[in-house]
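Trainee: Got final_11.txt for you, compact mmCIF, C-alpha atoms:
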```
# COMPACT_ATOMS: atom_id res chain seq x y z
CA ARG A 10 -6.24 129.62 0.18
CA ALA A 11 -3.01 130.95 1.71
CA PRO A 12 -3.51 132.05 5.34
CA TYR A 13 -1.04 134.92 4.89
CA ASP A 14 1.15 136.56 2.26
CA GLY A 15 4.40 134.73 1.64
CA VAL A 16 6.60 132.77 -0.71
CA ILE A 17 6.30 129.06 -1.52
CA ALA A 18 9.59 127.62 -0.22
CA ASN A 19 8.92 123.98 -1.14
CA ARG A 20 6.26 121.95 -2.97
CA TYR A 21 5.76 118.38 -1.80
CA VAL A 22 3.34 117.12 -4.49
CA SER A 23 3.00 117.56 -8.22
CA ASP A 24 0.01 118.15 -10.49
CA GLY A 25 -2.14 115.04 -10.86
CA MET A 26 -0.94 113.27 -7.72
CA LEU A 27 -3.47 111.74 -5.34
CA VAL A 28 -3.29 113.16 -1.82
CA SER A 29 -5.03 112.36 1.43
CA PRO A 30 -6.45 114.77 3.99
CA SER A 31 -3.92 116.43 6.32
CA VAL A 32 -1.00 115.65 3.97
CA PRO A 33 1.23 118.75 3.47
CA ILE A 34 1.39 119.89 -0.14
CA MET A 35 3.66 122.94 0.20
CA ARG A 36 5.58 125.04 2.69
CA LEU A 37 4.79 128.74 2.81
CA VAL A 38 7.30 131.20 4.28
CA GLU A 39 6.05 134.54 5.52
CA ARG A 40 8.34 137.41 4.55
CA ASP A 41 6.57 140.47 5.96
CA ALA A 42 6.99 139.79 9.70
CA LEU A 43 9.67 137.29 10.63
CA GLU A 44 10.13 135.82 14.11
CA VAL A 45 13.26 134.81 15.98
CA TRP A 46 13.03 131.89 18.41
CA VAL A 47 15.69 131.89 21.13
CA GLY A 48 16.18 129.15 23.73
CA MET A 49 16.88 130.72 27.11
CA PRO A 50 17.79 129.24 30.51
CA ALA A 51 14.68 129.05 32.65
CA ASP A 52 16.21 131.26 35.36
CA SER A 53 16.75 134.07 32.81
CA ILE A 54 13.25 134.19 31.41
CA ASP A 55 12.07 136.90 33.81
CA GLU A 56 14.61 139.29 32.30
CA LEU A 57 12.61 139.26 29.04
CA PRO A 58 9.03 140.44 29.72
CA VAL A 59 6.57 140.43 26.83
CA GLY A 60 6.75 143.76 25.02
CA ASN A 61 10.39 144.32 25.91
CA THR A 62 12.72 145.41 23.08
CA ASN A 63 16.14 143.77 22.71
CA THR A 64 18.86 143.73 20.09
CA ILE A 65 19.06 140.57 18.01
CA PHE A 66 22.27 139.95 16.07
CA ILE A 67 21.96 138.17 12.72
CA GLY A 68 25.36 137.78 11.11
CA ASP A 69 27.21 141.02 11.82
CA ARG A 70 24.05 143.15 11.94
CA GLY A 71 21.97 144.16 14.93
CA PHE A 72 18.17 144.56 14.78
CA ASP A 73 15.64 145.72 17.34
CA ALA A 74 13.18 142.94 18.15
CA THR A 75 10.18 142.83 20.49
CA VAL A 76 9.38 139.94 22.81
CA SER A 77 6.00 138.70 21.56
CA ALA A 78 5.59 135.38 23.38
CA LYS A 79 7.24 132.88 25.73
CA PHE A 80 6.65 129.15 25.55
CA PRO A 81 5.12 127.79 28.80
CA GLU A 82 7.35 124.68 28.90
CA LEU A 83 10.97 123.62 28.54
CA ASP A 84 12.41 122.11 25.43
CA GLN A 85 12.99 118.47 26.38
CA THR A 86 16.23 118.25 24.37
CA ALA A 87 17.97 121.54 25.14
CA ARG A 88 16.27 122.10 28.53
CA THR A 89 15.66 125.73 27.58
CA GLN A 90 12.55 127.88 27.41
CA THR A 91 11.79 129.41 24.02
CA VAL A 92 11.29 133.16 23.72
CA VAL A 93 9.72 134.49 20.51
CA PHE A 94 10.95 137.85 19.17
CA SER A 95 9.16 139.74 16.41
CA LEU A 96 11.25 141.63 13.89
CA SER A 97 9.99 144.80 12.26
CA GLU A 98 8.99 144.75 8.59
CA SER A 99 12.12 146.70 7.63
CA ALA A 100 14.36 144.23 9.48
CA SER A 101 12.48 141.26 7.99
CA ALA A 102 13.27 142.55 4.53
CA GLU A 103 17.02 142.48 5.27
CA VAL A 104 17.35 138.92 6.61
CA MET A 105 16.73 135.48 5.18
CA PRO A 106 14.47 132.93 6.91
CA GLY A 107 16.61 130.20 8.45
CA GLU A 108 19.55 132.44 9.42
CA ILE A 109 21.11 132.00 12.86
CA ALA A 110 20.27 134.75 15.34
CA ARG A 111 22.09 135.64 18.55
CA LEU A 112 20.83 137.40 21.65
CA GLU A 113 23.27 138.99 24.09
CA LEU A 114 22.22 139.73 27.67
CA SER A 115 24.33 141.27 30.42
CA ARG A 116 23.98 139.94 33.94
CA GLN A 117 25.72 141.01 37.13
CA VAL A 118 26.65 138.08 39.36
CA ASP A 119 27.81 138.88 42.88
CA GLU A 120 30.13 135.98 43.56
CA PRO A 121 33.71 135.90 44.87
CA GLY A 122 36.34 134.71 42.44
CA PHE A 123 39.40 135.59 40.42
CA TRP A 124 40.10 136.43 36.79
CA LEU A 125 43.04 134.45 35.39
CA PRO A 126 44.55 134.04 31.93
CA ILE A 127 43.48 130.76 30.35
CA THR A 128 47.15 129.85 29.88
CA SER A 129 47.55 129.59 33.66
CA LEU A 130 45.07 126.70 33.91
CA THR A 131 46.18 123.06 33.93
CA ARG A 132 43.66 120.30 33.31
CA GLU A 133 43.49 117.64 36.00
CA ALA A 134 41.68 114.31 36.27
CA ARG A 135 37.87 114.07 36.53
CA GLY A 136 37.24 117.48 35.01
CA LEU A 137 39.21 119.43 37.64
CA TRP A 138 41.54 122.35 36.95
CA SER A 139 44.54 123.70 38.82
CA VAL A 140 46.92 126.63 38.81
CA TYR A 141 50.48 126.98 40.09
CA GLU A 142 51.04 129.45 42.92
CA LEU A 143 54.39 130.65 44.28
CA VAL A 144 54.56 130.18 48.06
CA TRP A 145 57.26 130.23 50.74
CA ASN A 146 58.19 127.01 52.50
CA GLU A 147 59.51 126.55 56.05
CA ASP A 148 63.10 126.98 54.87
CA GLY A 149 62.36 130.39 53.39
CA ASP A 150 62.49 129.18 49.79
CA GLN A 151 59.95 130.12 47.16
CA ILE A 152 58.42 127.01 45.64
CA VAL A 153 55.69 126.04 43.18
CA SER A 154 52.45 124.84 44.79
CA ARG A 155 49.39 123.41 43.06
CA ARG A 156 46.01 124.98 43.81
CA TYR A 157 42.78 123.39 42.61
CA VAL A 158 40.18 125.74 41.16
CA GLU A 159 36.75 125.58 39.55
CA VAL A 160 36.19 127.38 36.25
CA ILE A 161 32.86 129.21 36.45
CA HIS A 162 33.07 131.45 33.37
CA VAL A 163 35.28 131.96 30.31
CA GLN A 164 35.45 135.25 28.45
CA GLY A 165 37.97 135.61 25.64
CA GLU A 166 41.44 134.82 26.93
CA GLN A 167 40.37 135.15 30.58
CA ALA A 168 38.71 132.64 32.90
CA ARG A 169 36.86 133.36 36.12
CA VAL A 170 37.68 130.79 38.77
CA ARG A 171 37.09 130.10 42.44
CA GLY A 172 39.08 127.94 44.78
CA THR A 173 41.69 127.95 47.52
CA LEU A 174 43.36 131.21 46.50
CA ASP A 175 44.02 134.33 48.56
CA ASP A 176 44.12 137.97 47.55
CA GLY A 177 47.53 138.90 46.23
CA ALA A 178 48.56 135.34 45.38
CA LEU A 179 51.32 135.06 42.77
CA ILE A 180 50.19 132.75 39.97
CA ILE A 181 52.19 131.41 37.04
CA ALA A 182 50.33 132.79 34.04
CA GLU A 183 52.07 130.82 31.29
CA GLY A 184 54.76 128.20 30.83
CA THR A 185 53.25 125.91 33.44
CA HIS A 186 54.67 122.88 31.61
CA ARG A 187 58.18 123.97 32.62
CA VAL A 188 57.69 123.64 36.37
CA VAL A 189 56.40 121.01 38.81
CA PRO A 190 54.92 121.31 42.32
CA GLY A 191 57.62 121.60 44.97
CA GLN A 192 60.21 123.06 42.59
CA LYS A 193 62.25 125.95 43.99
CA VAL A 194 61.94 129.17 42.02
CA THR A 195 62.72 132.83 42.49
CA ALA A 196 60.44 135.43 40.95
CA VAL A 197 62.27 138.60 39.96
CA ARG A 198 60.03 141.51 39.06
CA THR A 199 61.18 143.54 36.03
CA ALA A 200 59.62 146.28 33.92
CA GLN A 201 58.74 143.85 31.14
CA ASN A 202 57.88 140.63 32.90
CA LEU A 203 58.71 138.39 35.79
CA VAL A 204 61.75 136.17 35.37
CA THR A 205 62.32 133.06 37.44
CA GLU A 206 65.48 131.31 38.45
CA THR A 207 64.64 127.60 38.48
CA GLY A 208 66.78 124.68 39.47
CA GLY A 209 69.94 126.76 39.69
CA THR A 210 69.64 127.92 36.09
CA THR A 211 68.96 131.63 35.73
CA GLY A 212 67.31 133.51 32.92
CA GLN A 213 64.27 131.32 32.26
CA GLU A 214 61.43 133.68 31.48
CA MET A 215 58.04 132.84 32.97
CA GLY A 216 54.81 134.81 33.10
CA PHE A 217 53.21 135.55 36.45
CA SER A 218 50.01 137.26 37.43
CA ASP A 219 49.21 139.09 40.68
CA LEU A 220 45.64 138.30 41.69
CA ASP A 221 43.04 140.67 43.08
CA ARG A 222 39.61 139.53 44.14
CA ALA A 223 37.12 140.52 41.44
CA PRO A 224 33.96 142.36 42.52
```
Is it possible to express this structure as structure tokens?
Mentor:
Amino acid sequence: RAPYDGVIANRYVSDGMLVSPSVPIMRLVERDALEVWVGMPADSIDELPVGNTNTIFIGDRGFDATVSAKFPELDQTARTQTVVFSLSESASAEVMPGEIARLELSRQVDEPGFWLPITSLTREARGLWSVYELVWNEDGDQIVSRRYVEVIHVQGEQARVRGTLDDGALIIAEGTHRVVPGQKVTAVRTAQNLVTETGGTTGQEMGFSDLDRAP
């Protein structure tokens, strides 16, 4: 006797075969009320109380889903806590069991840092990152200086970093492979971009970014 209405997705035995107790003979998929299981970081679980309604994205479609349960332990492989969302009957009719679902949550993090273009980052040894800042030396020349940073978040073409940077620092945003630390440069601000004069040769175009501390 089927415990609920559904569709037989797979049959493991055929007519006439001998089976033992507790051996699965078929897999039944419920179609009327589908669930979405999402692994969440343990420190985010309080943002999803039972009964709360969130938007679940399946493919390019968004569906309202209700938090129906939360597992009381962490997944030992992913180290996440599973949250169970219940889809409405109308939403269940539009999706296929086994599809990948995505949950998007917004969180405000009060932490000092800077937003930089990804092209300004240079990979260093042991997982470190650095950027090139334009500074003035004792002789009054503008030179390239390396600053080590930690990448704490990536969003699109921007990266949020923290490190030994000050408000208003002038950072090379692209073309970092064309300069080295200690090299003399001159940043000339124009309407289109910033152009540097490097090594006595003028006209080399480089991208720079003025930094402001993000909230």
Trainee: Under the rule of at most 6 Å, produce a per-residue listing of stretch 44-77 of chain A near stretch 89-110 of chain A: chain, number, name, the closest pair of atoms, and the distance in Å, as CSV, using all atoms listed in the file.
Mentor:
```
residue,atom,partner,partner_atom,distance
A:Glu44,CA,A:Ser95,CA,4.6
A:Val45,CA,A:Phe94,CA,5.0
A:Trp46,CA,A:Val93,CA,4.7
A:Val47,CA,A:Val92,CA,5.3
A:Gly48,CA,A:Thr91,CA,4.4
A:Met49,CA,A:Thr89,CA,5.2
A:Pro50,CA,A:Thr89,CA,5.0
A:Ala51,CA,A:Gln90,CA,5.8
A:Phe66,CA,A:Ala110,CA,5.6
A:Ile67,CA,A:Ala110,CA,4.6
A:Ala74,CA,A:Leu96,CA,4.9
A:Thr75,CA,A:Phe94,CA,5.2
A:Val76,CA,A:Phe94,CA,4.5
A:Ser77,CA,A:Phe94,CA,5.6
```
Trainee: Atom CA of A:Ala168 and atom CA of A:Ile127 are how many Å apart?
Mentor: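 Interatomic distance, atom CA of A:Ala168 to atom CA of A:Ile127: 5.7 Å.
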Trainee: Within 6 Å of A:Tyr141, counting only C-alpha atoms, which residues qualify if same-chain residues fewer than 6 places away don't, as a PyMOL selection string?
Mentor: chain A and resi 154-155+180-181
Trainee: So what do you get for atom CA of A:Thr173 versus atom CA of A:Arg116, distance-wise?
Mentor: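 We find that atom CA of A:Thr173 and atom CA of A:Arg116 lie 25.3 Å from each other.
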Trainee: When you draw a straight line from atom CA of A:Gly68 to atom CA of A:Glu113, how long is it in Å?
Mentor: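 Atom-to-atom, atom CA of A:Gly68 to atom CA of A:Glu113, that is 13.2 Å.
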Trainee: Can you work out which one of A:Tyr21, A:Trp138, A:Trp145, A:Phe72 has the shortest atom-to-atom distance to A:Val160, counting all atoms listed in the file?
Mentor: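 Smallest distance to A:Val160 is found for A:Trp138.
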Trainee: List every protein, DNA or RNA residue that has at least one atom no more than 7 Å from (44.2, 130.3, 39.0) in the file's coordinates, counting all atoms listed in the file, and write the result as a list in words.
Mentor: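 Result, sorted by chain then residue number: Leu125, Ser129, Leu130, Ser139, Val140, Val158, Val170 and Ile180 of chain A.
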Trainee: When distances are computed from all atoms listed in the file, which of A:Glu159, A:Glu56, A:Glu142, A:Asp148 shows the smallest separation from A:Ala178?
Mentor: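 Once distances to A:Ala178 are computed over all atoms listed in the file, the minimum belongs to A:Glu142.
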Trainee: For A:Gln167, which residue out of A:Pro30, A:Pro126, A:Gly60, A:Gly71 is the nearest one, using all atoms listed in the file?
Mentor: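 Answer, going by the shortest atom-to-atom distance: A:Pro126.
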Trainee: Quick one: of A:Val153, A:Leu112, A:Val163, A:Ile17, who's nearest to A:Arg70, counting only C-alpha atoms?
Mentor: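 Ranked by minimum distance to A:Arg70, first place goes to A:Leu112.
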Trainee: Residues at most 8 Å from A:Thr128, counting all atoms listed in the file, excluding those fewer than 3 positions away in the same chain, as a list in words?
Mentor: Thr131, Ala182, Glu183 and Gly184 of chain A
